[in-house]
>>> print(open('input.pdb').read())   # PDB, C-alpha atoms
ATOM      1  CA  MET A 864      -7.883  16.650-155.782
ATOM      2  CA  GLY A 865      -6.331  19.143-153.386
ATOM      3  CA  GLY A 866      -2.948  20.831-153.709
ATOM      4  CA  ALA A 867      -0.346  21.495-151.025
ATOM      5  CA  GLY A 868      -2.590  24.080-149.407
ATOM      6  CA  GLY A 869      -5.566  21.725-149.379
ATOM      7  CA  GLY A 870      -7.695  24.002-151.611
ATOM      8  CA  SER A 871      -9.802  22.597-154.407
ATOM      9  CA  VAL A 872      -8.582  22.904-157.993
ATOM     10  CA  ARG A 873     -10.857  25.008-160.193
ATOM     11  CA  PRO A 874     -11.768  23.346-163.503
ATOM     12  CA  SER A 875     -10.412  25.040-166.603
ATOM     13  CA  ALA A 876     -12.728  27.052-168.828
ATOM     14  CA  ALA A 877     -12.340  24.385-171.495
ATOM     15  CA  ALA A 878     -13.299  21.620-169.062
ATOM     16  CA  ALA A 879     -16.291  23.596-167.837
ATOM     17  CA  ALA A 880     -17.433  24.199-171.403
ATOM     18  CA  ALA A 881     -17.011  20.511-172.202
ATOM     19  CA  LEU A 882     -19.083  19.518-169.172
ATOM     20  CA  LEU A 883     -21.786  22.017-170.143
ATOM     21  CA  LEU A 884     -21.807  20.621-173.666
ATOM     22  CA  VAL A 885     -22.324  17.080-172.331
ATOM     23  CA  VAL A 886     -25.214  18.143-170.078
ATOM     24  CA  VAL A 887     -26.944  20.194-172.765
ATOM     25  CA  ALA A 888     -26.360  17.487-175.376
ATOM     26  CA  ALA A 889     -28.098  14.958-173.132
ATOM     27  CA  SER A 890     -31.087  17.279-172.885
ATOM     28  CA  ALA A 891     -31.058  17.813-176.651
ATOM     29  CA  ALA A 892     -30.986  14.050-177.187
ATOM     30  CA  ALA A 893     -34.162  13.715-175.145
ATOM     31  CA  CYS A 894     -35.813  16.384-177.302
ATOM     32  CA  ALA A 895     -34.578  14.706-180.467
ATOM     33  CA  ALA A 896     -36.300  11.490-179.426
ATOM     34  CA  GLN A 897     -39.602  13.359-179.665
ATOM     35  CA  LEU A 898     -38.885  14.520-183.217
ATOM     36  CA  ARG A 899     -39.257  12.405-186.337
ATOM     37  CA  ARG A 900     -39.248  12.968-190.053
ATOM     38  CA  ASN A 901     -42.736  11.623-190.765
ATOM     39  CA  TYR A 902     -44.448  13.331-187.832
ATOM     40  CA  TYR A 903     -47.335  14.718-189.920
ATOM     41  CA  ALA A 904     -47.852  11.651-192.132
ATOM     42  CA  GLY A 905     -51.246  10.909-190.614
ATOM     43  CA  VAL A 906     -52.678  14.437-190.457
ATOM     44  CA  CYS A 907     -51.020  16.456-193.242
ATOM     45  CA  PRO A 908     -48.981  14.142-195.445
ATOM     46  CA  ASP A 909     -48.162  16.802-198.051
ATOM     47  CA  VAL A 910     -46.979  19.436-195.574
ATOM     48  CA  GLU A 911     -43.394  19.523-196.824
ATOM     49  CA  SER A 912     -44.380  20.066-200.451
ATOM     50  CA  ILE A 913     -46.899  22.735-199.404
ATOM     51  CA  VAL A 914     -44.275  24.643-197.421
ATOM     52  CA  ARG A 915     -41.711  24.208-200.189
ATOM     53  CA  GLY A 916     -44.113  25.704-202.715
ATOM     54  CA  ALA A 917     -44.864  28.705-200.508
ATOM     55  CA  VAL A 918     -41.175  29.369-199.914
ATOM     56  CA  ALA A 919     -40.430  29.084-203.629
ATOM     57  CA  ARG A 920     -43.112  31.644-204.434
ATOM     58  CA  LYS A 921     -41.675  34.039-201.876
ATOM     59  CA  TYR A 922     -38.141  33.434-203.163
ATOM     60  CA  ARG A 923     -39.190  34.366-206.701
ATOM     61  CA  GLU A 924     -40.267  37.747-205.325
ATOM     62  CA  THR A 925     -36.979  38.447-203.533
ATOM     63  CA  PHE A 926     -33.784  36.532-202.856
ATOM     64  CA  ILE A 927     -33.636  38.252-199.450
ATOM     65  CA  THR A 928     -36.040  35.472-198.474
ATOM     66  CA  VAL A 929     -33.120  33.070-198.039
ATOM     67  CA  GLY A 930     -30.948  35.014-195.637
ATOM     68  CA  ALA A 931     -33.956  36.402-193.792
ATOM     69  CA  THR A 932     -35.457  32.962-193.125
ATOM     70  CA  VAL A 933     -32.148  31.389-192.091
ATOM     71  CA  HIS A 934     -31.450  34.328-189.757
ATOM     72  CA  LEU A 935     -34.911  34.006-188.225
ATOM     73  CA  PHE A 936     -34.465  30.295-187.493
ATOM     74  CA  PHE A 937     -31.120  30.886-185.766
ATOM     75  CA  HIS A 938     -32.514  33.654-183.579
ATOM     76  CA  ASP A 939     -35.564  31.565-182.733
ATOM     77  CA  CYS A 940     -33.654  28.489-181.630
ATOM     78  CA  PHE A 941     -31.082  30.328-179.525
ATOM     79  CA  VAL A 942     -33.760  32.072-177.433
ATOM     80  CA  GLU A 943     -36.203  29.780-175.593
ATOM     81  CA  GLY A 944     -35.553  27.001-178.122
ATOM     82  CA  CYS A 945     -36.965  26.309-181.592
ATOM     83  CA  ASP A 946     -40.555  27.242-180.791
ATOM     84  CA  ALA A 947     -41.409  30.132-183.161
ATOM     85  CA  SER A 948     -41.457  32.550-180.216
ATOM     86  CA  VAL A 949     -39.450  35.004-182.331
ATOM     87  CA  VAL A 950     -42.384  35.292-184.755
ATOM     88  CA  VAL A 951     -44.810  36.525-182.093
ATOM     89  CA  ALA A 952     -45.800  40.189-182.335
ATOM     90  CA  SER A 953     -45.643  42.553-179.371
ATOM     91  CA  THR A 954     -48.836  43.719-177.670
ATOM     92  CA  PRO A 955     -49.537  46.919-175.730
ATOM     93  CA  ASN A 956     -48.788  45.019-172.520
ATOM     94  CA  SER A 957     -45.839  42.882-173.636
ATOM     95  CA  THR A 958     -42.735  43.462-175.749
ATOM     96  CA  ALA A 959     -41.995  40.263-177.676
ATOM     97  CA  GLU A 960     -38.634  38.780-178.685
ATOM     98  CA  LYS A 961     -38.785  40.220-182.187
ATOM     99  CA  ASP A 962     -38.694  43.775-180.819
ATOM    100  CA  HIS A 963     -35.564  43.330-178.728
ATOM    101  CA  PRO A 964     -32.865  45.669-180.141
ATOM    102  CA  VAL A 965     -30.750  42.677-181.227
ATOM    103  CA  ASN A 966     -33.640  41.285-183.256
ATOM    104  CA  LEU A 967     -34.336  44.503-185.128
ATOM    105  CA  SER A 968     -31.772  43.152-187.615
ATOM    106  CA  LEU A 969     -34.263  40.439-188.631
ATOM    107  CA  ALA A 970     -35.660  41.238-192.070
ATOM    108  CA  GLY A 971     -39.423  41.299-192.513
ATOM    109  CA  ASP A 972     -39.174  38.855-195.417
ATOM    110  CA  GLY A 973     -38.317  36.044-193.000
ATOM    111  CA  PHE A 974     -41.460  36.604-190.958
ATOM    112  CA  ASP A 975     -43.500  36.909-194.148
ATOM    113  CA  THR A 976     -42.126  33.589-195.402
ATOM    114  CA  VAL A 977     -43.358  31.798-192.273
ATOM    115  CA  LEU A 978     -46.771  33.465-192.319
ATOM    116  CA  ARG A 979     -47.293  32.666-196.003
ATOM    117  CA  ALA A 980     -46.253  29.050-195.544
ATOM    118  CA  LYS A 981     -48.573  28.724-192.555
ATOM    119  CA  ALA A 982     -51.459  30.162-194.615
ATOM    120  CA  ALA A 983     -50.739  27.704-197.430
ATOM    121  CA  VAL A 984     -50.737  24.761-195.013
ATOM    122  CA  ASP A 985     -53.933  25.879-193.293
ATOM    123  CA  ALA A 986     -55.651  26.342-196.652
ATOM    124  CA  VAL A 987     -55.773  22.541-196.832
ATOM    125  CA  PRO A 988     -58.736  21.507-194.619
ATOM    126  CA  ARG A 989     -57.167  18.382-193.157
ATOM    127  CA  CYS A 990     -54.001  20.339-192.271
ATOM    128  CA  ARG A 991     -55.643  23.375-190.680
ATOM    129  CA  ASN A 992     -54.252  24.061-187.197
ATOM    130  CA  ARG A 993     -52.423  20.728-187.216
ATOM    131  CA  VAL A 994     -48.910  21.972-188.115
ATOM    132  CA  SER A 995     -46.887  24.152-185.758
ATOM    133  CA  CYS A 996     -45.290  27.429-186.744
ATOM    134  CA  ALA A 997     -42.049  26.117-185.221
ATOM    135  CA  ASP A 998     -41.988  23.193-187.657
ATOM    136  CA  ILE A 999     -42.955  25.441-190.559
ATOM    137  CA  LEU A1000     -39.985  27.701-189.790
ATOM    138  CA  ALA A1001     -37.648  24.680-189.654
ATOM    139  CA  MET A1002     -38.926  23.388-193.013
ATOM    140  CA  ALA A1003     -38.895  26.846-194.611
ATOM    141  CA  THR A1004     -35.259  27.308-193.593
ATOM    142  CA  ARG A1005     -34.271  24.048-195.271
ATOM    143  CA  ASP A1006     -36.205  24.970-198.407
ATOM    144  CA  ALA A1007     -34.736  28.471-198.607
ATOM    145  CA  ILE A1008     -31.203  27.068-198.311
ATOM    146  CA  ALA A1009     -31.887  24.544-201.083
ATOM    147  CA  LEU A1010     -33.315  27.239-203.369
ATOM    148  CA  ALA A1011     -30.029  29.136-203.024
ATOM    149  CA  GLY A1012     -28.039  26.076-204.062
ATOM    150  CA  GLY A1013     -27.261  24.799-200.590
ATOM    151  CA  PRO A1014     -27.737  21.276-199.272
ATOM    152  CA  SER A1015     -31.236  19.831-198.983
ATOM    153  CA  TYR A1016     -31.716  17.678-195.928
ATOM    154  CA  ALA A1017     -34.414  15.809-194.033
ATOM    155  CA  VAL A1018     -36.036  17.941-191.313
ATOM    156  CA  GLU A1019     -37.057  16.379-188.032
ATOM    157  CA  LEU A1020     -40.573  17.457-187.055
ATOM    158  CA  GLY A1021     -42.797  17.446-183.987
ATOM    159  CA  ARG A1022     -42.077  20.788-182.293
ATOM    160  CA  LEU A1023     -44.894  22.706-180.641
ATOM    161  CA  ASP A1024     -45.104  26.494-180.562
ATOM    162  CA  GLY A1025     -43.946  28.247-177.423
ATOM    163  CA  LEU A1026     -46.372  29.723-174.905
ATOM    164  CA  ARG A1027     -44.482  32.962-174.318
ATOM    165  CA  SER A1028     -42.326  35.530-176.076
ATOM    166  CA  SER A1029     -40.497  38.207-174.124
ATOM    167  CA  ALA A1030     -37.824  40.666-175.227
ATOM    168  CA  SER A1031     -36.073  40.229-171.886
ATOM    169  CA  SER A1032     -35.410  36.550-172.651
ATOM    170  CA  VAL A1033     -33.123  37.563-175.535
ATOM    171  CA  ASP A1034     -30.470  39.152-173.319
ATOM    172  CA  GLY A1035     -27.176  37.278-173.518
ATOM    173  CA  ARG A1036     -28.509  34.569-175.830
ATOM    174  CA  LEU A1037     -27.212  35.866-179.176
ATOM    175  CA  ALA A1038     -23.645  36.611-180.199
ATOM    176  CA  PRO A1039     -22.653  40.271-180.596
ATOM    177  CA  PRO A1040     -20.781  41.011-183.853
ATOM    178  CA  SER A1041     -17.638  41.739-181.815
ATOM    179  CA  SER A1042     -17.505  38.240-180.260
ATOM    180  CA  ASP A1043     -14.186  36.405-180.092
ATOM    181  CA  LEU A1044     -13.747  32.659-180.538
ATOM    182  CA  ASP A1045     -14.061  31.820-176.837
ATOM    183  CA  GLN A1046     -17.291  33.795-176.526
ATOM    184  CA  LEU A1047     -18.753  32.165-179.630
ATOM    185  CA  THR A1048     -17.704  28.690-178.483
ATOM    186  CA  ALA A1049     -19.259  29.197-175.036
ATOM    187  CA  LEU A1050     -22.524  30.539-176.435
ATOM    188  CA  PHE A1051     -22.921  27.579-178.781
ATOM    189  CA  ALA A1052     -21.865  25.091-176.084
ATOM    190  CA  ALA A1053     -24.700  26.416-173.924
ATOM    191  CA  ASN A1054     -27.003  25.149-176.686
ATOM    192  CA  GLY A1055     -25.366  21.743-177.061
ATOM    193  CA  LEU A1056     -23.364  22.720-180.131
ATOM    194  CA  SER A1057     -19.643  22.175-180.621
ATOM    195  CA  ARG A1058     -17.077  24.614-181.980
ATOM    196  CA  THR A1059     -17.218  22.740-185.283
ATOM    197  CA  ASP A1060     -20.999  23.199-185.343
ATOM    198  CA  MET A1061     -20.526  26.908-184.617
ATOM    199  CA  ILE A1062     -18.123  27.366-187.516
ATOM    200  CA  ALA A1063     -20.466  25.520-189.876
ATOM    201  CA  LEU A1064     -23.532  27.489-188.788
ATOM    202  CA  SER A1065     -21.655  30.788-189.066
ATOM    203  CA  ALA A1066     -21.599  30.135-192.801
ATOM    204  CA  GLY A1067     -25.293  30.970-192.855
ATOM    205  CA  HIS A1068     -23.874  34.475-193.296
ATOM    206  CA  THR A1069     -23.042  33.511-196.883
ATOM    207  CA  VAL A1070     -26.616  34.561-197.766
ATOM    208  CA  GLY A1071     -26.943  37.141-195.016
ATOM    209  CA  PHE A1072     -27.121  40.899-194.681
ATOM    210  CA  ALA A1073     -25.697  43.106-191.958
ATOM    211  CA  HIS A1074     -26.586  46.635-190.968
ATOM    212  CA  CYS A1075     -23.869  49.247-191.304
ATOM    213  CA  GLY A1076     -23.924  49.736-187.548
ATOM    214  CA  ALA A1077     -22.831  46.130-186.971
ATOM    215  CA  PHE A1078     -19.378  46.684-188.453
ATOM    216  CA  ALA A1079     -18.991  50.483-188.292
ATOM    217  CA  GLY A1080     -16.122  50.220-185.812
ATOM    218  CA  ARG A1081     -14.090  48.170-188.287
ATOM    219  CA  ILE A1082     -14.133  50.880-190.956
ATOM    220  CA  ARG A1083     -14.280  54.100-188.911
ATOM    221  CA  GLY A1084     -13.098  55.311-185.545
ATOM    222  CA  PRO A1085      -9.910  55.359-183.507
ATOM    223  CA  SER A1086      -8.939  51.741-184.224
ATOM    224  CA  ALA A1087     -10.061  51.655-187.867
ATOM    225  CA  PRO A1088      -9.491  50.230-190.279
ATOM    226  CA  ASP A1089      -9.398  46.834-188.648
ATOM    227  CA  PRO A1090      -6.053  45.320-189.763
ATOM    228  CA  ALA A1091      -7.791  41.971-190.288
ATOM    229  CA  LEU A1092     -10.180  43.538-192.827
ATOM    230  CA  ASN A1093      -9.329  43.354-196.525
ATOM    231  CA  ARG A1094      -8.373  46.887-197.620
ATOM    232  CA  SER A1095     -10.371  46.776-200.833
ATOM    233  CA  LEU A1096     -13.456  45.578-198.981
ATOM    234  CA  ALA A1097     -12.961  48.271-196.330
ATOM    235  CA  ALA A1098     -13.014  50.930-199.042
ATOM    236  CA  ARG A1099     -16.203  49.490-200.528
ATOM    237  CA  LEU A1100     -17.859  49.339-197.128
ATOM    238  CA  ARG A1101     -17.013  52.981-196.457
ATOM    239  CA  ALA A1102     -18.667  53.872-199.762
ATOM    240  CA  TRP A1103     -21.764  51.791-199.006
ATOM    241  CA  CYS A1104     -21.946  53.047-195.420
ATOM    242  CA  PRO A1105     -20.802  56.692-195.559
ATOM    243  CA  ASP A1106     -20.591  58.966-192.534
ATOM    244  CA  GLY A1107     -24.046  59.749-191.222
ATOM    245  CA  VAL A1108     -25.725  56.813-192.959
ATOM    246  CA  ASP A1109     -28.735  55.261-191.262
ATOM    247  CA  PRO A1110     -27.111  52.420-189.249
ATOM    248  CA  ARG A1111     -30.013  50.195-190.317
ATOM    249  CA  VAL A1112     -28.908  50.273-193.972
ATOM    250  CA  ALA A1113     -27.871  46.709-194.812
ATOM    251  CA  VAL A1114     -25.199  45.257-197.078
ATOM    252  CA  THR A1115     -24.564  41.696-198.229
ATOM    253  CA  MET A1116     -22.230  39.715-196.008
ATOM    254  CA  ASP A1117     -20.765  37.689-198.888
ATOM    255  CA  VAL A1118     -19.813  40.206-201.569
ATOM    256  CA  VAL A1119     -18.586  37.505-203.986
ATOM    257  CA  THR A1120     -21.589  35.148-204.289
ATOM    258  CA  PRO A1121     -24.320  36.895-202.253
ATOM    259  CA  ARG A1122     -27.192  34.878-203.723
ATOM    260  CA  ALA A1123     -25.603  31.443-203.366
ATOM    261  CA  PHE A1124     -25.501  29.251-200.280
ATOM    262  CA  ASP A1125     -21.983  27.920-200.705
ATOM    263  CA  ASN A1126     -18.548  27.654-199.127
ATOM    264  CA  GLN A1127     -17.451  31.044-200.495
ATOM    265  CA  TYR A1128     -17.908  32.321-196.931
ATOM    266  CA  PHE A1129     -14.774  30.423-195.888
ATOM    267  CA  ARG A1130     -12.794  31.531-198.930
ATOM    268  CA  ASN A1131     -13.718  35.087-198.073
ATOM    269  CA  LEU A1132     -12.389  34.658-194.537
ATOM    270  CA  ARG A1133      -9.024  33.585-195.937
ATOM    271  CA  ASP A1134      -8.962  36.847-197.916
ATOM    272  CA  GLY A1135      -9.848  39.019-194.927
ATOM    273  CA  MET A1136     -13.370  39.523-196.224
ATOM    274  CA  GLY A1137     -15.418  38.451-193.232
ATOM    275  CA  LEU A1138     -17.844  41.310-192.721
ATOM    276  CA  LEU A1139     -18.222  41.050-188.951
ATOM    277  CA  ALA A1140     -15.370  40.738-186.482
ATOM    278  CA  SER A1141     -17.075  37.545-185.256
ATOM    279  CA  ASP A1142     -16.784  36.142-188.784
ATOM    280  CA  GLN A1143     -13.160  37.058-189.392
ATOM    281  CA  VAL A1144     -12.020  35.728-186.011
ATOM    282  CA  LEU A1145     -12.741  32.222-187.292
ATOM    283  CA  TYR A1146      -9.692  32.634-189.529
ATOM    284  CA  THR A1147      -7.470  34.874-187.435
ATOM    285  CA  ASP A1148      -7.700  32.513-184.454
ATOM    286  CA  PRO A1149      -5.366  29.542-185.102
ATOM    287  CA  ARG A1150      -7.717  27.172-183.278
ATOM    288  CA  SER A1151     -10.481  27.513-185.872
ATOM    289  CA  ARG A1152      -8.383  28.342-188.953
ATOM    290  CA  PRO A1153      -7.785  24.691-189.992
ATOM    291  CA  THR A1154     -11.543  24.097-190.214
ATOM    292  CA  VAL A1155     -11.999  27.255-192.283
ATOM    293  CA  ASP A1156      -9.217  26.141-194.618
ATOM    294  CA  ALA A1157     -10.678  22.642-194.978
ATOM    295  CA  TRP A1158     -14.161  23.893-195.849
ATOM    296  CA  ALA A1159     -12.830  26.592-198.167
ATOM    297  CA  GLU A1160     -11.337  23.722-200.168
ATOM    298  CA  SER A1161     -14.250  21.272-199.962
ATOM    299  CA  SER A1162     -17.867  22.280-200.439
ATOM    300  CA  GLU A1163     -18.886  18.674-199.823
ATOM    301  CA  ALA A1164     -17.210  18.569-196.411
ATOM    302  CA  PHE A1165     -18.796  21.882-195.489
ATOM    303  CA  SER A1166     -22.257  20.765-196.599
ATOM    304  CA  ARG A1167     -22.043  17.596-194.500
ATOM    305  CA  ALA A1168     -20.952  19.559-191.441
ATOM    306  CA  PHE A1169     -23.649  22.179-191.959
ATOM    307  CA  VAL A1170     -26.450  19.598-192.221
ATOM    308  CA  THR A1171     -25.221  17.929-189.029
ATOM    309  CA  ALA A1172     -25.048  21.260-187.201
ATOM    310  CA  ILE A1173     -28.399  22.673-188.287
ATOM    311  CA  THR A1174     -30.110  19.370-187.461
ATOM    312  CA  LYS A1175     -28.647  19.564-183.958
ATOM    313  CA  MET A1176     -29.670  23.206-183.679
ATOM    314  CA  GLY A1177     -33.237  22.278-184.605
ATOM    315  CA  ARG A1178     -33.416  20.142-181.439
ATOM    316  CA  ILE A1179     -32.744  23.020-179.035
ATOM    317  CA  GLY A1180     -35.472  23.564-176.456
ATOM    318  CA  VAL A1181     -38.161  21.631-178.306
ATOM    319  CA  LYS A1182     -41.607  22.045-176.729
ATOM    320  CA  THR A1183     -43.916  19.052-176.395
ATOM    321  CA  GLY A1184     -47.065  18.213-174.446
ATOM    322  CA  ALA A1185     -48.157  20.948-172.035
ATOM    323  CA  GLN A1186     -45.019  23.003-172.890
ATOM    324  CA  GLY A1187     -46.569  24.283-176.097
ATOM    325  CA  ASN A1188     -49.425  24.245-178.576
ATOM    326  CA  ILE A1189     -50.164  25.014-182.223
ATOM    327  CA  ARG A1190     -50.886  28.644-182.985
ATOM    328  CA  PRO A1191     -53.565  29.348-185.617
ATOM    329  CA  ASN A1192     -51.775  32.681-186.140
ATOM    330  CA  CYS A1193     -48.000  32.405-185.784
ATOM    331  CA  ALA A1194     -47.755  36.033-184.659
ATOM    332  CA  VAL A1195     -50.281  35.690-181.835
ATOM    333  CA  LEU A1196     -49.945  33.573-178.697
ATOM    334  CA  ASN A1197     -52.921  31.326-177.963
TER     335      ASN A1197
END
>>> encode(input="input.pdb", output="structure tokens")
Amino acid sequence: MGGAGGGSVRPSAAAAAALLLVVVAASAAACAAQLRRNYYAGVCPDVESIVRGAVARKYRETFITVGATVHLFFHDCFVEGCDASVVVASTPNSTAEKDHPVNLSLAGDGFDTVLRAKAAVDAVPRCRNRVSCADILAMATRDAIALAGGPSYAVELGRLDGLRSSASSVDGRLAPPSSDLDQLTALFAANGLSRTDMIALSAGHTVGFAHCGAFAGRIRGPSAPDPALNRSLAARLRAWCPDGVDPRVAVTMDVVTPRAFDNQYFRNLRDGMGLLASDQVLYTDPRSRPTVDAWAESSEAFSRAFVTAITKMGRIGVKTGAQGNIRPNCAVLN
């Protein structure tokens, strides 16, 4: 519809984001139709219990397993889709996703969890080379969350492993720790996820770790301390991350219940204890604050929203047919 000058009216950012969400959601729905819960019933019927056992063994060695595996799944799905491309190792001729600077925050325990679960599955003759690394990562994420007291949920299966992994494909696909609400909303919309999904999935940080460099500007520098940051927490962070510390030193993102997958993340935000600026903005921005308040009060409501969101996330960019294959070694492209 033209105005007095006859020019076209530009759609608002919100309308554009909504349109993008509809288009991407339609694509995700097509992928979801290819996924089903009993996908391996005929070739490896015990795959879920095998993966669950491997994850439990890894978890008993270190609770870092939980946050590391969840983090890995998020970074996999947001770059080239949920296809285990983030697990692939670099070669002399190609730098893989995992070695992009943004992905250097991924803990080795997440990769180890996937590789161990894959080895356990392939140790069963009928299952060998029949289960994708992408599906193993999706199952391992669910199992790690449940081990930490979070919701257990049915995982849709049927993803193939991606055929490529390139560090350059990571650019612009993952949210910087300084992101504001509009940036976060747009990034998730590009993957068919709503703002509500984004807020729910952000709570994966309840079992996460962050390197000192990711929040250094909130505790030191010309604009520090960040007025949105709890003063007591700021003092603790300065002690844990002193001047000159290796920026790769990591601290827990939920300092109250770091080993539990729960709704404490949202309670922390109400107290100014979101570690990253992109966490705390979910409370400081009035558009997302009501959701934070609701889930801080109801773990059941949060759990339902999280299961919905992570199920939707697991449908991003699913590879089928000639788009992918099953890697015998998750770290090596076929």
>>> residues_around(input="input.pdb", residues="A:Ala1073", least_positions_apart="6", cutoff="10 Å", atoms="only C-alpha atoms", output="list in words")
Ser968, Leu969, Pro1040, Pro1110, Arg1111, Val1112, Ala1113, Val1114, Thr1115, Met1116, Leu1138 and Leu1139 of chain A
>>> atom_distance(input="input.pdb", atom1="atom CA of A:Ser1041", atom2="atom CA of A:Phe1072")
16.0 Å
>>> closest_atom_pairs(input="input.pdb", of="stretch 1032-1117 of chain A", to="stretch 933-939 of chain A", cutoff="12 Å", atoms="all atoms listed in the file", output="CSV")
residue,atom,partner,partner_atom,distance
A:Ser1032,CA,A:Asp939,CA,11.2
A:Val1033,CA,A:His938,CA,9.0
A:Asp1034,CA,A:His938,CA,11.8
A:Gly1035,CA,A:His938,CA,12.0
A:Arg1036,CA,A:His938,CA,8.8
A:Leu1037,CA,A:His938,CA,7.2
A:Ala1038,CA,A:His938,CA,9.9
A:Phe1051,CA,A:Phe937,CA,11.3
A:Asn1054,CA,A:Phe937,CA,11.5
A:Met1061,CA,A:Phe937,CA,11.4
A:Leu1064,CA,A:Phe937,CA,8.8
A:Ser1065,CA,A:Phe937,CA,10.0
A:Ala1066,CA,A:Val933,CA,10.6
A:Gly1067,CA,A:Val933,CA,6.9
A:His1068,CA,A:His934,CA,8.4
A:Thr1069,CA,A:Val933,CA,10.5
A:Val1070,CA,A:Val933,CA,8.5
A:Gly1071,CA,A:His934,CA,7.5
A:Phe1072,CA,A:His934,CA,9.3
A:Ala1073,CA,A:His934,CA,10.7
>>> residues_around(input="input.pdb", residues="A:Leu1050", least_positions_apart="4", cutoff="12 Å", atoms="all atoms listed in the file", output="VMD selection string")
chain A and resid 880 883 to 884 887 941 to 942 1035 to 1039 1042 to 1046 1054 to 1058 1060 to 1061
>>> resolve_selection(input="input.pdb", expression="the PyMOL selection byres ((chain A and resi 1174) around 12)", output="PyMOL selection string")
chain A and resi 891-892+895+898-900+936-937+940+945+1001-1002+1004-1005+1015-1020+1055-1056+1060+1063-1064+1167-1173+1175-1179
>>> atom_distance(input="input.pdb", atom1="atom CA of A:Val987", atom2="atom CA of A:Ala970")
27.9 Å
>>> resolve_selection(input="input.pdb", expression="the PyMOL selection byres ((chain A and resi 947) around 6)", output="PyMOL selection string")
chain A and resi 946+948-950+996-997+1024
>>> resolve_selection(input="input.pdb", expression="the PyMOL selection byres ((chain A and resi 929) around 9)", output="PyMOL selection string")
chain A and resi 922+925-928+930-934+972-973+1004+1006-1008+1010-1011+1070-1071+1122+1124
>>> atom_distance(input="input.pdb", atom1="atom CA of A:Thr1059", atom2="atom CA of A:Leu967")
27.7 Å
